[in-house]
Every structure is written in structure tokens, then in C-alpha cells.
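Asker: Next up, work02.tsv (TSV, C-alpha atoms and all ligand atoms).
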chain	number	residue	atom	x	y	z
A	1	LEU	CA	1.47	-52.66	-20.20
A	2	GLY	CA	3.63	-52.70	-23.32
A	3	PRO	CA	7.27	-51.67	-23.43
A	4	THR	CA	8.70	-48.24	-22.70
A	5	VAL	CA	10.03	-46.89	-25.99
A	6	CYS	CA	12.49	-44.07	-26.51
A	7	VAL	CA	12.99	-42.43	-29.92
A	8	GLY	CA	16.10	-40.41	-30.69
A	9	GLU	CA	19.79	-40.06	-31.23
A	10	ILE	CA	22.22	-42.92	-30.67
A	11	LEU	CA	25.83	-41.73	-30.53
A	12	VAL	CA	29.25	-42.70	-29.36
A	13	GLU	CA	30.87	-40.28	-26.98
A	14	ILE	CA	34.53	-39.40	-26.66
A	15	VAL	CA	35.31	-37.83	-23.29
A	16	ALA	CA	38.12	-35.49	-22.24
A	17	THR	CA	39.78	-36.85	-19.11
A	18	THR	CA	41.34	-33.60	-17.93
A	19	VAL	CA	39.62	-30.31	-17.27
A	20	GLY	CA	40.68	-27.63	-19.73
A	21	ASN	CA	39.54	-24.60	-21.64
A	22	GLY	CA	39.69	-26.15	-25.10
A	23	PHE	CA	39.75	-29.62	-26.58
A	24	LEU	CA	43.44	-29.28	-27.38
A	25	GLU	CA	44.26	-28.79	-23.68
A	26	ALA	CA	41.72	-31.34	-22.47
A	27	GLN	CA	43.83	-34.35	-23.46
A	28	PRO	CA	43.81	-37.28	-23.45
A	29	LEU	CA	40.39	-38.22	-24.79
A	30	VAL	CA	38.88	-41.62	-24.00
A	31	GLY	CA	36.13	-43.66	-25.62
A	32	PRO	CA	34.15	-44.55	-27.63
A	33	PHE	CA	31.38	-44.95	-25.07
A	34	ALA	CA	27.79	-45.84	-25.95
A	35	SER	CA	25.78	-42.62	-25.69
A	36	GLY	CA	23.04	-40.27	-26.84
A	37	ALA	CA	20.62	-39.05	-24.15
A	38	PRO	CA	17.73	-41.25	-25.38
A	39	ALA	CA	20.03	-44.30	-25.45
A	40	ILE	CA	21.30	-43.63	-21.91
A	41	PHE	CA	17.71	-43.32	-20.70
A	42	ILE	CA	16.61	-46.60	-22.29
A	43	SER	CA	19.76	-48.39	-21.11
A	44	GLN	CA	18.84	-47.53	-17.51
A	45	CYS	CA	15.25	-48.73	-18.09
A	46	GLY	CA	16.53	-52.05	-19.43
A	47	ARG	CA	19.09	-52.52	-16.67
A	48	LEU	CA	16.35	-52.09	-14.07
A	49	GLY	CA	14.37	-54.89	-15.64
A	50	GLY	CA	11.64	-52.82	-17.28
A	51	GLN	CA	10.44	-53.80	-20.75
A	52	ALA	CA	12.30	-51.33	-22.97
A	53	ALA	CA	12.88	-50.70	-26.67
A	54	MET	CA	14.74	-48.09	-28.70
A	55	VAL	CA	13.97	-46.42	-32.03
A	56	GLY	CA	16.91	-44.79	-33.80
A	57	ALA	CA	19.73	-45.52	-36.22
A	58	VAL	CA	23.41	-46.36	-36.29
A	59	GLY	CA	25.86	-46.91	-39.12
A	60	ASP	CA	27.15	-50.31	-40.16
A	61	ASP	CA	30.37	-49.74	-38.20
A	62	ASP	CA	32.08	-50.46	-34.90
A	63	PHE	CA	30.69	-47.29	-33.29
A	64	GLY	CA	27.20	-48.55	-34.11
A	65	ARG	CA	27.95	-51.96	-32.63
A	66	VAL	CA	29.28	-50.35	-29.42
A	67	ASN	CA	25.71	-49.13	-28.97
A	68	THR	CA	23.59	-52.00	-30.23
A	69	ASP	CA	25.66	-54.60	-28.33
A	70	ARG	CA	25.44	-52.55	-25.18
A	71	LEU	CA	21.68	-51.94	-25.37
A	72	ALA	CA	21.00	-55.60	-26.18
A	73	ARG	CA	23.10	-56.63	-23.14
A	74	ASP	CA	21.01	-54.26	-21.02
A	75	GLY	CA	17.86	-56.09	-22.10
A	76	VAL	CA	16.66	-53.40	-24.51
A	77	ASP	CA	14.75	-54.54	-27.62
A	78	ILE	CA	16.90	-53.23	-30.50
A	79	SER	CA	14.75	-54.56	-33.36
A	80	ALA	CA	13.61	-51.04	-34.33
A	81	ILE	CA	17.13	-49.60	-34.45
A	82	SER	CA	17.95	-49.34	-38.15
A	83	ILE	CA	21.43	-49.94	-39.50
A	84	GLU	CA	22.18	-47.34	-42.19
A	85	PRO	CA	25.00	-48.63	-44.39
A	86	ASP	CA	25.65	-45.28	-46.12
A	87	TYR	CA	26.15	-43.17	-43.01
A	88	PRO	CA	28.50	-43.32	-40.04
A	89	THR	CA	27.22	-43.66	-36.47
A	90	GLY	CA	26.76	-40.25	-34.86
A	91	SER	CA	29.30	-39.01	-32.33
A	92	ALA	CA	29.76	-36.45	-29.59
A	93	PHE	CA	32.89	-35.09	-27.94
A	94	VAL	CA	32.59	-33.66	-24.45
A	95	ARG	CA	35.05	-31.66	-22.39
A	96	TYR	CA	34.74	-30.10	-18.97
A	97	ARG	CA	35.61	-26.52	-18.09
A	98	LYS	CA	37.15	-25.38	-14.83
A	99	ASP	CA	33.85	-23.75	-13.78
A	100	GLY	CA	32.12	-27.16	-13.97
A	101	SER	CA	30.32	-26.50	-17.25
A	102	ARG	CA	30.51	-28.81	-20.27
A	103	ASP	CA	30.92	-28.28	-24.00
A	104	PHE	CA	29.83	-30.78	-26.61
A	105	VAL	CA	30.88	-31.09	-30.23
A	106	TYR	CA	28.20	-33.11	-31.99
A	107	ASN	CA	28.41	-34.97	-35.28
A	108	ILE	CA	24.75	-35.81	-35.74
A	109	ALA	CA	23.36	-33.99	-38.79
A	110	THR	CA	25.36	-35.99	-41.35
A	111	SER	CA	25.26	-39.26	-39.41
A	112	ALA	CA	22.98	-42.30	-39.29
A	113	ALA	CA	21.32	-40.72	-36.22
A	114	ALA	CA	19.69	-38.19	-38.57
A	115	ARG	CA	18.58	-40.75	-41.17
A	116	PHE	CA	15.97	-43.00	-39.66
A	117	GLY	CA	12.32	-42.83	-40.56
A	118	TRP	CA	9.01	-44.56	-40.04
A	119	SER	CA	9.34	-48.20	-41.03
A	120	ARG	CA	7.42	-51.44	-40.65
A	121	GLY	CA	9.57	-52.33	-37.64
A	122	VAL	CA	8.92	-48.97	-35.98
A	123	ALA	CA	5.18	-49.23	-36.69
A	124	ASP	CA	5.01	-52.74	-35.17
A	125	LEU	CA	6.81	-51.57	-32.05
A	126	ILE	CA	4.79	-48.37	-31.60
A	127	ASP	CA	1.58	-50.42	-31.94
A	128	ARG	CA	2.47	-52.30	-28.75
A	129	THR	CA	4.12	-49.42	-26.88
A	130	GLY	CA	2.69	-48.63	-23.46
A	131	HIS	CA	4.84	-45.62	-22.74
A	132	LEU	CA	6.84	-43.27	-24.93
A	133	HIS	CA	9.74	-41.18	-23.68
A	134	VAL	CA	10.97	-38.20	-25.69
A	135	MET	CA	14.04	-36.05	-25.15
A	136	GLY	CA	13.89	-32.44	-26.38
A	137	SER	CA	17.32	-32.94	-27.96
A	138	ALA	CA	15.77	-35.40	-30.45
A	139	LEU	CA	13.58	-32.57	-31.79
A	140	SER	CA	16.64	-30.91	-33.32
A	141	VAL	CA	17.00	-33.94	-35.63
A	142	PRO	CA	14.45	-33.62	-38.50
A	143	SER	CA	14.03	-37.37	-39.11
A	144	ALA	CA	13.44	-38.04	-35.41
A	145	ARG	CA	10.86	-35.24	-35.29
A	146	ALA	CA	8.63	-36.90	-37.86
A	147	VAL	CA	8.81	-40.28	-36.11
A	148	ILE	CA	8.14	-38.69	-32.71
A	149	ASP	CA	5.07	-36.78	-33.98
A	150	LYS	CA	3.51	-39.94	-35.32
A	151	ALA	CA	4.49	-42.11	-32.38
A	152	VAL	CA	3.09	-39.62	-29.81
A	153	ASP	CA	-0.26	-39.48	-31.64
A	154	ILE	CA	-0.56	-43.27	-31.87
A	155	VAL	CA	0.53	-44.04	-28.30
A	156	LYS	CA	-1.65	-41.32	-26.73
A	157	ALA	CA	-4.68	-42.28	-28.86
A	158	ARG	CA	-4.36	-45.86	-27.55
A	159	GLY	CA	-4.33	-44.67	-23.94
A	160	GLY	CA	-0.57	-45.00	-23.53
A	161	THR	CA	1.47	-42.45	-21.61
A	162	LEU	CA	4.20	-39.95	-22.49
A	163	SER	CA	7.18	-38.60	-20.58
A	164	VAL	CA	9.32	-35.70	-21.72
A	165	ASP	CA	12.79	-34.62	-20.65
A	166	PRO	CA	13.41	-31.16	-22.16
A	167	ASN	CA	17.17	-31.90	-22.36
A	168	LEU	CA	17.82	-28.61	-24.10
A	169	ARG	CA	21.58	-28.49	-24.69
A	170	LYS	CA	22.90	-25.10	-25.72
A	171	GLU	CA	24.63	-26.65	-28.74
A	172	LEU	CA	21.33	-27.94	-30.14
A	173	LYS	CA	19.68	-24.88	-31.62
A	174	LEU	CA	15.90	-24.90	-31.74
A	175	ASP	CA	14.24	-22.93	-34.53
A	176	GLU	CA	10.68	-21.56	-34.24
A	177	ASP	CA	9.10	-24.70	-35.64
A	178	THR	CA	11.01	-26.86	-33.18
A	179	GLU	CA	10.04	-24.57	-30.29
A	180	ARG	CA	6.39	-25.04	-31.29
A	181	ARG	CA	6.82	-28.81	-31.39
A	182	PHE	CA	8.51	-28.70	-28.00
A	183	ALA	CA	5.60	-26.75	-26.47
A	184	LYS	CA	3.12	-29.25	-27.94
A	185	LEU	CA	5.10	-32.16	-26.56
A	186	VAL	CA	5.22	-30.62	-23.07
A	187	ALA	CA	1.45	-30.10	-23.12
A	188	ALA	CA	0.94	-33.78	-24.04
A	189	ALA	CA	3.29	-35.10	-21.35
A	190	ASP	CA	1.99	-37.16	-18.44
A	191	LEU	CA	5.39	-36.92	-16.74
A	192	LEU	CA	7.86	-34.06	-17.19
A	193	LEU	CA	11.50	-34.41	-16.09
A	194	PRO	CA	13.13	-30.97	-16.41
A	195	SER	CA	16.41	-29.95	-14.89
A	196	GLY	CA	17.25	-26.43	-13.66
A	197	GLU	CA	16.03	-23.65	-15.91
A	198	GLU	CA	14.31	-26.07	-18.31
A	199	LEU	CA	11.34	-26.00	-15.92
A	200	GLU	CA	10.61	-22.32	-16.58
A	201	ARG	CA	11.38	-22.70	-20.27
A	202	ALA	CA	8.94	-25.60	-20.61
A	203	ALA	CA	6.23	-23.64	-18.78
A	204	GLY	CA	6.94	-20.35	-20.53
A	205	VAL	CA	6.73	-18.44	-17.21
A	206	GLU	CA	9.26	-17.34	-14.60
A	207	GLY	CA	9.50	-18.65	-11.04
A	208	GLU	CA	9.50	-22.26	-9.87
A	209	ALA	CA	6.07	-22.24	-8.23
A	210	GLU	CA	4.51	-20.34	-11.15
A	211	ALA	CA	6.04	-22.74	-13.67
A	212	ILE	CA	4.82	-25.80	-11.77
A	213	GLN	CA	1.29	-24.40	-11.57
A	214	ARG	CA	1.27	-23.47	-15.24
A	215	LEU	CA	2.43	-26.94	-16.31
A	216	PHE	CA	-0.34	-28.62	-14.32
A	217	GLU	CA	-2.85	-26.25	-15.96
A	218	MET	CA	-1.45	-27.36	-19.32
A	219	GLY	CA	-2.29	-30.98	-18.45
A	220	VAL	CA	0.99	-32.42	-17.16
A	221	LYS	CA	0.20	-34.90	-14.34
A	222	GLU	CA	3.54	-35.43	-12.61
A	223	ILE	CA	6.71	-33.30	-12.57
A	224	VAL	CA	10.10	-34.28	-11.22
A	225	LEU	CA	12.59	-31.43	-11.12
A	226	LYS	CA	16.27	-32.48	-11.18
A	227	ARG	CA	18.73	-30.30	-9.28
A	228	GLY	CA	22.06	-32.07	-9.79
A	229	ALA	CA	23.94	-32.53	-6.51
A	230	GLY	CA	21.06	-30.55	-4.91
A	231	GLY	CA	18.74	-33.55	-5.30
A	232	ALA	CA	15.31	-33.62	-6.93
A	233	THR	CA	11.71	-32.66	-6.18
A	234	TYR	CA	8.50	-34.46	-7.12
A	235	PHE	CA	5.38	-32.36	-7.68
A	236	GLU	CA	1.80	-33.58	-8.06
A	237	SER	CA	-1.10	-31.48	-9.28
A	238	GLY	CA	-2.98	-31.64	-5.98
A	239	GLY	CA	-0.14	-29.70	-4.35
A	240	ASP	CA	1.78	-32.66	-2.91
A	241	ARG	CA	5.55	-32.49	-3.18
A	242	ILE	CA	8.40	-34.73	-2.08
A	243	ASP	CA	11.99	-33.56	-1.81
A	244	ALA	CA	14.56	-36.26	-2.55
A	245	PRO	CA	18.01	-35.44	-1.17
A	246	ALA	CA	20.97	-36.40	-3.34
A	247	PHE	CA	23.36	-39.20	-2.38
A	248	VAL	CA	26.86	-38.08	-1.42
A	249	VAL	CA	29.27	-39.21	-4.13
A	250	GLN	CA	32.55	-38.23	-5.73
A	251	GLU	CA	31.60	-36.88	-9.16
A	252	VAL	CA	33.83	-38.23	-11.95
A	253	ASP	CA	31.70	-37.59	-15.04
A	254	PRO	CA	28.36	-35.74	-14.75
A	255	THR	CA	27.12	-36.67	-18.25
A	256	GLY	CA	24.10	-38.97	-18.23
A	257	ALA	CA	22.96	-38.35	-14.63
A	258	GLY	CA	19.62	-36.90	-15.67
A	259	ASP	CA	19.02	-39.62	-18.25
A	260	CYS	CA	19.72	-42.41	-15.75
A	261	PHE	CA	17.60	-40.60	-13.15
A	262	GLY	CA	14.71	-40.35	-15.61
A	263	GLY	CA	15.01	-43.93	-16.86
A	264	ALA	CA	15.04	-45.25	-13.31
A	265	TYR	CA	12.16	-43.05	-12.13
A	266	LEU	CA	9.95	-44.00	-15.03
A	267	THR	CA	10.74	-47.70	-14.86
A	268	CYS	CA	10.08	-47.86	-11.11
A	269	ARG	CA	6.75	-46.06	-11.54
A	270	ARG	CA	5.77	-48.41	-14.37
A	271	LEU	CA	6.74	-51.37	-12.17
A	272	GLY	CA	4.20	-50.08	-9.64
A	273	MET	CA	6.38	-48.25	-7.10
A	274	SER	CA	5.22	-45.11	-5.27
A	275	PRO	CA	6.71	-41.73	-6.26
A	276	GLN	CA	8.78	-41.80	-3.04
A	277	GLN	CA	10.28	-45.20	-3.79
A	278	ALA	CA	10.86	-44.35	-7.45
A	279	LEU	CA	12.62	-41.13	-6.40
A	280	THR	CA	15.02	-43.09	-4.21
A	281	TYR	CA	15.99	-45.42	-7.06
A	282	ALA	CA	16.17	-42.50	-9.51
A	283	SER	CA	18.41	-40.46	-7.20
A	284	ALA	CA	20.62	-43.51	-6.73
A	285	ALA	CA	20.79	-44.13	-10.49
A	286	GLY	CA	21.78	-40.50	-11.20
A	287	ALA	CA	24.35	-40.37	-8.41
A	288	ARG	CA	25.87	-43.77	-9.18
A	289	ASN	CA	26.24	-42.86	-12.85
A	290	VAL	CA	28.32	-39.74	-12.11
A	291	THR	CA	30.88	-41.83	-10.22
A	292	VAL	CA	31.93	-43.67	-13.39
A	293	LEU	CA	33.61	-42.31	-16.53
A	294	GLY	CA	31.40	-42.62	-19.61
A	295	PRO	CA	27.83	-41.39	-20.10
A	296	MET	CA	26.01	-44.66	-19.31
A	297	GLU	CA	28.75	-46.77	-17.75
A	298	GLY	CA	27.36	-46.26	-14.24
A	299	ALA	CA	23.73	-47.12	-15.05
A	300	GLY	CA	22.71	-49.67	-12.41
A	301	THR	CA	20.76	-52.90	-12.17
A	302	ARG	CA	18.19	-53.30	-9.37
A	303	GLY	CA	20.78	-55.19	-7.31
A	304	GLU	CA	23.50	-52.60	-7.91
A	305	LEU	CA	21.16	-49.74	-6.97
A	306	ASP	CA	19.97	-51.56	-3.83
A	307	ALA	CA	23.60	-52.04	-2.79
A	308	PHE	CA	24.36	-48.39	-3.59
A	309	ILE	CA	21.36	-47.16	-1.56
A	310	ALA	CA	22.32	-49.34	1.42
A	311	SER	CA	25.93	-48.15	1.45
A	312	THR	CA	25.69	-44.45	0.49
A	313	GLU	CA	24.79	-41.48	2.67
A	314	ARG	CA	22.28	-38.87	1.57
A	315	ARG	CA	22.69	-35.15	2.02
A	316	PRO	CA	20.74	-33.81	5.02
A	401	LIG	P1	20.58	-33.43	-15.93
A	401	LIG	O1	21.74	-34.33	-16.31
A	401	LIG	O2	19.31	-33.75	-16.68
A	401	LIG	O3	20.92	-31.98	-15.88
A	401	LIG	P2	20.97	-33.57	-13.04
A	401	LIG	O4	22.38	-33.16	-13.24
A	401	LIG	O5	20.09	-32.70	-12.23
A	401	LIG	O6	20.22	-33.88	-14.43
A	401	LIG	O7	21.02	-35.03	-12.38
A	401	LIG	C1	19.87	-35.80	-12.17
A	401	LIG	C2	19.84	-36.37	-10.77
A	401	LIG	O8	20.99	-37.20	-10.56
A	401	LIG	C3	19.86	-35.32	-9.67
A	401	LIG	O9	18.55	-34.87	-9.39
A	401	LIG	C4	20.49	-36.11	-8.51
A	401	LIG	O10	19.52	-36.92	-7.88
A	401	LIG	C5	21.48	-37.02	-9.25
A	401	LIG	N1	22.81	-36.37	-9.32
A	401	LIG	C6	23.36	-35.70	-10.36
A	401	LIG	N2	24.59	-35.22	-10.06
A	401	LIG	C7	24.84	-35.63	-8.80
A	401	LIG	C8	25.96	-35.47	-7.89
A	401	LIG	N3	27.06	-34.80	-8.22
A	401	LIG	N4	25.85	-36.03	-6.66
A	401	LIG	C9	24.75	-36.72	-6.29
A	401	LIG	N5	23.68	-36.90	-7.09
A	401	LIG	C10	23.71	-36.36	-8.33
What does this structure look like when you write it as C-alpha cells?
Answerer:
Amino acid sequence: LGPTVCVGEILVEIVATTVGNGFLEAQPLVGPFASGAPAIFISQCGRLGGQAAMVGAVGDDDFGRVNTDRLARDGVDISAISIEPDYPTGSAFVRYRKDGSRDFVYNIATSAAARFGWSRGVADLIDRTGHLHVMGSALSVPSARAVIDKAVDIVKARGGTLSVDPNLRKELKLDEDTERRFAKLVAAADLLLPSGEELERAAGVEGEAEAIQRLFEMGVKEIVLKRGAGGATYFESGGDRIDAPAFVVQEVDPTGAGDCFGGAYLTCRRLGMSPQQALTYASAAGARNVTVLGPMEGAGTRGELDAFIASTERRP
């Protein structure tokens, strides 16, 4: 099958522990935690026992090692993560507002996360990749864009598959060129994992049913719509759909839920599970992750997710 590969930003995250209106009120901050949406996704793939590898870059510093050590422990192949000695590892600060929304301050553009390119190591990995996963957020990083373009072409030409999580954070501005790339990526996706309004944005039309229909016309084969504590819905082009109720948990830190959900869904499907079974593990992975502070600290192994599923109620 070849490994699942994710290309994109690797960051450390510093998290506000109290809810406040500004970072100065949202003290104290805790971290550094291993992070970056693509890294969270691939961590969950590795923890579930899927073959997984990451393409990205960190600096030659402790923040970088927080990530590479963590991903290696999760079973992720880190041979195509480059260590950039002249740049620091990227970082993100997150704080939560009283209305439940989040704000991020990103330090990516001048970090190692924005410095990696196509290399011998990346080429060797992409040549044996069975599935590529791309996060829309990676498209805002010019170096990642070039690697993604090439990797998508190679993997798809070899009969490999592609999944896309739009992951369009408001802080990551997309210019016209990036919007075009995003639309192209969506059209090439076998599996699309949008959350909330990203569905309509990816389809370019309004209304859930209209967007789903449009995306299937564009060539997408499977869509799983994430609805936070409202659960998730699987759609197939023949008209089949499966609603997956969310597990009932106490939310501590919502960051990373969608990435863990996606990593678990994809890995379970690649391991041969049905959409229904994969949805159960994915819903468990997303829900379990929000119960722990830190963006990927709650990503679960197969055993941990089985135990979580057996002991946790689902919403009616
Ligand atoms: P994203 O982080 O991409 O916006 P969501 O917040 O929709 O994604 O989370 C992905 C999935 O994780 C949801 O579909 C749900 O199954 C699970 N999940 C997220 N938040 C919660 C929560 N508070 N309670 C239970 N499950 C949750």
C-alpha cells in the first residue's frame, strides 16, 4: 500500500490555560506542545498503527526535538523531516475567548517550517507513498506549496490516493493564487474532510446538500463533514450517508480534534475498515483529544480508542 504521507507545517504550540479576551489576560501559558495540523494528523495515523511519514522542517533546537521525538515515538517515519540549522522551529500561540472561539498567533513565515523544499529524501519517500494527505493551511506556506504540487502529481499518477482537509484558519490569509491551488487540490481529492463552513467554501456553492452534490461532480469520492460536538456525517457519491454521533466528553482543549479525527478515519479506511467502523474510531479520536490539554496529547492508540469507545456514551 505504501505509507500515508503528510506534508506541511510542524510547530510547537503554547496554550493559554484560562479563557480571556487577550493574551495578556489569558495567563498562564503552558507548553511547548508538539503541533501543526499536519503533524497532529500524522501523529494520530502513527499511533493507530498505520504506516505513516511526515514531510516538513524544524530548526536545530529543542522545539524541533519536541516534535521529531514525539512523531518518532508515535511510529511516524521522520526521515523526510529536514533540520534547518539557520532557522528556528515554527510556533503558534493559542488562546480561547469566552464565546468559545480561538485566536492563534503564528510564527511560521520566518521559521524552519517555511524553509523546506524538494530533496532526495522527500523524492524517495514520495516514490513509495500510497496516500498523501494535505491540509489547506500548508498552502499558505510557499515552500510547502511547491512540494505539495509535485507530490500530488507523482502520487496520483502512480494510482495513489489523496485526502484534503481544508483547515482554513482565519489567520492564514489565502491570496488568489493560493485559492486557485486550493480549488485544484479539492478537485483532485479522493477523500475530503471539511468542517463547518469549509464544506461550502470547498464546493464554491451554498447549502450543505448542494455543496455535497457539487463536490461529487468535481470528482471527490468520499466526504466526511466534521461538526464538532455535533458529530460527523459520511457522504458517498451514490447518495449513501451515515451520521456519526459525537461521544459525550468534557472539553478541555478543542485544538487538534479535526486533525485526530481525520488521521484516525483515514488510517482505519486504509487498514480495510468500513466507513461506519472508521467513523467510530475517528469520532473517538476527536473526542478523546479534546479531553486533554495540548493539540495532540490526546491522540489515541488502537487500545486507548477501544477502551474509550467501550466506556464513553454517545449523544442520542
Ligand atoms: P475541526 O477541528 O477540523 O474543526 P471538529 O471540531 O468538527 O473539527 O472535530 C472533529 C470531530 O471530533 C467531530 O466531528 C467530533 O466527532 C469530534 N469532536 C470535536 N469536538 C468534540 C466535543 N466537544 N465533544 C465530542 N466530540 C468532539
Asker: Determine, using all atoms listed in the file, which residues of region 98-213 of chain A have any atom at most 9 Å from an atom of region 73-88 of chain A, and tabulate each with its shortest atom pair and distance in Å to one decimal place, rows ordered by chain and then rising number, as a Markdown table.
Answerer:
| residue | atom | partner | partner_atom | distance |
| --- | --- | --- | --- | --- |
| A:Thr110 | CA | A:Tyr87 | CA | 7.4 |
| A:Ser111 | CA | A:Pro88 | CA | 5.2 |
| A:Ala112 | CA | A:Tyr87 | CA | 5.0 |
| A:Ala113 | CA | A:Pro88 | CA | 8.5 |
| A:Arg115 | CA | A:Glu84 | CA | 7.6 |
| A:Phe116 | CA | A:Ser82 | CA | 6.8 |
| A:Gly117 | CA | A:Ser82 | CA | 8.9 |
| A:Ser119 | CA | A:Ala80 | CA | 8.4 |
| A:Arg120 | CA | A:Ala80 | CA | 8.9 |
| A:Gly121 | CA | A:Ala80 | CA | 5.4 |
| A:Val122 | CA | A:Ala80 | CA | 5.4 |
| A:Ala123 | CA | A:Ala80 | CA | 8.9 |
| A:Asp124 | CA | A:Ala80 | CA | 8.8 |
| A:Leu125 | CA | A:Ala80 | CA | 7.2 |
Asker: Would you compute an axis-aligned box for region 280-298 of chain A, covering every atom listed for it in the file with 6 Å of margin on each side, and report centre and edge lengths in Å to one decimal as AutoDock Vina command-line options?
Answerer:
--center_x 24.3 --center_y -43.3 --center_z -12.2 --size_x 30.6 --size_y 19.0 --size_z 27.9
Asker: Within 9 Å of (17.9, -44.9, -13.1), all atoms listed in the file: residues as a CSV table (one decimal) with C-alpha atoms, in the coordinates of the input?
Answerer:
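Final output, saved to result.csv:
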chain,number,residue,atom,x,y,z
A,41,PHE,CA,17.7,-43.3,-20.7
A,43,SER,CA,19.8,-48.4,-21.1
A,44,GLN,CA,18.8,-47.5,-17.5
A,45,CYS,CA,15.2,-48.7,-18.1
A,47,ARG,CA,19.1,-52.5,-16.7
A,48,LEU,CA,16.4,-52.1,-14.1
A,257,ALA,CA,23.0,-38.4,-14.6
A,258,GLY,CA,19.6,-36.9,-15.7
A,259,ASP,CA,19.0,-39.6,-18.2
A,260,CYS,CA,19.7,-42.4,-15.8
A,261,PHE,CA,17.6,-40.6,-13.2
A,262,GLY,CA,14.7,-40.4,-15.6
A,263,GLY,CA,15.0,-43.9,-16.9
A,264,ALA,CA,15.0,-45.2,-13.3
A,265,TYR,CA,12.2,-43.0,-12.1
A,266,LEU,CA,10.0,-44.0,-15.0
A,267,THR,CA,10.7,-47.7,-14.9
A,268,CYS,CA,10.1,-47.9,-11.1
A,281,TYR,CA,16.0,-45.4,-7.1
A,282,ALA,CA,16.2,-42.5,-9.5
A,283,SER,CA,18.4,-40.5,-7.2
A,284,ALA,CA,20.6,-43.5,-6.7
A,285,ALA,CA,20.8,-44.1,-10.5
A,286,GLY,CA,21.8,-40.5,-11.2
A,288,ARG,CA,25.9,-43.8,-9.2
A,289,ASN,CA,26.2,-42.9,-12.8
A,299,ALA,CA,23.7,-47.1,-15.0
A,300,GLY,CA,22.7,-49.7,-12.4
A,301,THR,CA,20.8,-52.9,-12.2
A,305,LEU,CA,21.2,-49.7,-7.0
Asker: Which of these, A:Ala138, A:Ala246, A:Ala146, A:Ala310, has the shortest distance to ligand LIG 401 (chain A) once you count only C-alpha atoms and all ligand atoms?
Answerer: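 Residue with the minimum atom-to-atom distance to ligand LIG 401 (chain A): A:Ala246.
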Asker: Taking (28.6, -35.9, -9.0) in the file's coordinates, which residues come within 12 Å, counting only C-alpha atoms, written as an MDAnalysis selection string?
Answerer: chainID A and resid 100 227:231 246:258 283:293 298
Asker: Give me, as a VMD selection string, all polymer residues having an atom no more than 10 Å from Leu174 (chain A), counting all atoms listed in the file and skipping those fewer than 6 positions away in the same chain.
Answerer: chain A and resid 136 to 137 139 to 141 168 180 to 182
Asker: Which residue is closest to ligand LIG 401 (chain A)? Choose from A:Lys226, A:Arg201, A:Lys221, A:His131 and count all atoms listed in the file.
Answerer: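 For ligand LIG 401 (chain A), the nearest of the candidates is A:Lys226.
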Asker: To one decimal place in Å, what is the distance between CA of Arg269 (chain A) and CA of Gly159 (chain A)?
Answerer: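 About the pair CA of Arg269 (chain A) and CA of Gly159 (chain A): they are 16.7 Å apart.
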Asker: Applying 10 Å and only C-alpha atoms, which residues near Leu1 (chain A) remain after dropping the ones on its own chain fewer than 2 positions away? List them as a count of residues only.
Answerer: 10
Asker: Using all atoms listed in the file, find the one residue out of A:Ala157, A:Val58, A:Ala203, A:Ala92 that sits nearest to Ala114 (chain A).
Answerer: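 Under the stated criterion, the closest residue is A:Val58.
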Asker: Taking only C-alpha atoms into account, which of A:Ile42, A:Val224, A:Asp60, A:Phe216 comes nearest Met135 (chain A)?
Answerer: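 The shortest atom-to-atom distance to Met135 (chain A) comes from A:Ile42.
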Asker: Using all atoms listed in the file, find the one residue out of A:Asn21, A:Ser101, A:Thr161, A:Thr178 that sits nearest to ligand LIG 401 (chain A).
Answerer: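 The closest residue to ligand LIG 401 (chain A) is A:Ser101.
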Asker: Please indicate the distance in Å from CA of Arg169 (chain A) to CA of Pro38 (chain A), rounded to one decimal place.
Answerer: 13.3 Å
Asker: For Leu225 (chain A), please output as a list in words all residues within 7 Å (counting all atoms listed in the file; exclusion window: fewer than 4 positions along the same chain).
Answerer: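 Surrounding residues, per the criterion: Leu193, Pro194, Ser195, Ala232, Thr233 and Tyr234 of chain A.
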Asker: Will you give me region 49-91 of chain A, written with C-alpha atoms and laid out as a PDB file, in the first residue's frame?
Answerer:
ATOM      1  CA  GLY A  49      -0.536   1.615  13.752  1.00  0.00           C
ATOM      2  CA  GLY A  50      -0.828   2.822  10.167  1.00  0.00           C
ATOM      3  CA  GLN A  51       2.349   3.250   8.125  1.00  0.00           C
ATOM      4  CA  ALA A  52       2.927   6.998   8.313  1.00  0.00           C
ATOM      5  CA  ALA A  53       5.583   9.535   7.335  1.00  0.00           C
ATOM      6  CA  MET A  54       5.927  13.304   7.550  1.00  0.00           C
ATOM      7  CA  VAL A  55       7.493  15.865   5.217  1.00  0.00           C
ATOM      8  CA  GLY A  56       8.354  19.229   6.766  1.00  0.00           C
ATOM      9  CA  ALA A  57      11.103  21.057   8.617  1.00  0.00           C
ATOM     10  CA  VAL A  58      12.158  22.033  12.105  1.00  0.00           C
ATOM     11  CA  GLY A  59      15.076  24.047  13.431  1.00  0.00           C
ATOM     12  CA  ASP A  60      18.086  22.517  15.150  1.00  0.00           C
ATOM     13  CA  ASP A  61      16.631  23.375  18.565  1.00  0.00           C
ATOM     14  CA  ASP A  62      14.654  21.956  21.472  1.00  0.00           C
ATOM     15  CA  PHE A  63      11.323  22.986  19.933  1.00  0.00           C
ATOM     16  CA  GLY A  64      12.235  20.931  16.878  1.00  0.00           C
ATOM     17  CA  ARG A  65      13.157  17.938  19.005  1.00  0.00           C
ATOM     18  CA  VAL A  66       9.841  18.168  20.895  1.00  0.00           C
ATOM     19  CA  ASN A  67       8.270  17.354  17.539  1.00  0.00           C
ATOM     20  CA  THR A  68      10.670  14.871  15.984  1.00  0.00           C
ATOM     21  CA  ASP A  69      10.968  12.853  19.229  1.00  0.00           C
ATOM     22  CA  ARG A  70       7.217  12.785  19.589  1.00  0.00           C
ATOM     23  CA  LEU A  71       6.494  11.734  15.999  1.00  0.00           C
ATOM     24  CA  ALA A  72       9.195   9.048  16.108  1.00  0.00           C
ATOM     25  CA  ARG A  73       7.667   7.686  19.347  1.00  0.00           C
ATOM     26  CA  ASP A  74       4.296   7.556  17.587  1.00  0.00           C
ATOM     27  CA  GLY A  75       5.797   5.339  14.896  1.00  0.00           C
ATOM     28  CA  VAL A  76       5.975   8.048  12.220  1.00  0.00           C
ATOM     29  CA  ASP A  77       8.861   7.874   9.719  1.00  0.00           C
ATOM     30  CA  ILE A  78      10.683  11.202  10.250  1.00  0.00           C
ATOM     31  CA  SER A  79      13.447  10.652   7.681  1.00  0.00           C
ATOM     32  CA  ALA A  80      11.992  13.310   5.343  1.00  0.00           C
ATOM     33  CA  ILE A  81      11.731  15.985   8.048  1.00  0.00           C
ATOM     34  CA  SER A  82      14.634  18.330   7.390  1.00  0.00           C
ATOM     35  CA  ILE A  83      16.553  20.022  10.179  1.00  0.00           C
ATOM     36  CA  GLU A  84      17.264  23.634   9.178  1.00  0.00           C
ATOM     37  CA  PRO A  85      20.173  24.932  11.262  1.00  0.00           C
ATOM     38  CA  ASP A  86      19.672  28.603  10.305  1.00  0.00           C
ATOM     39  CA  TYR A  87      16.019  28.915  11.279  1.00  0.00           C
ATOM     40  CA  PRO A  88      14.061  28.354  14.475  1.00  0.00           C
ATOM     41  CA  THR A  89      11.243  25.809  14.702  1.00  0.00           C
ATOM     42  CA  GLY A  90       7.885  27.428  13.936  1.00  0.00           C
ATOM     43  CA  SER A  91       5.500  28.223  16.759  1.00  0.00           C
TER      44      SER A  91
END
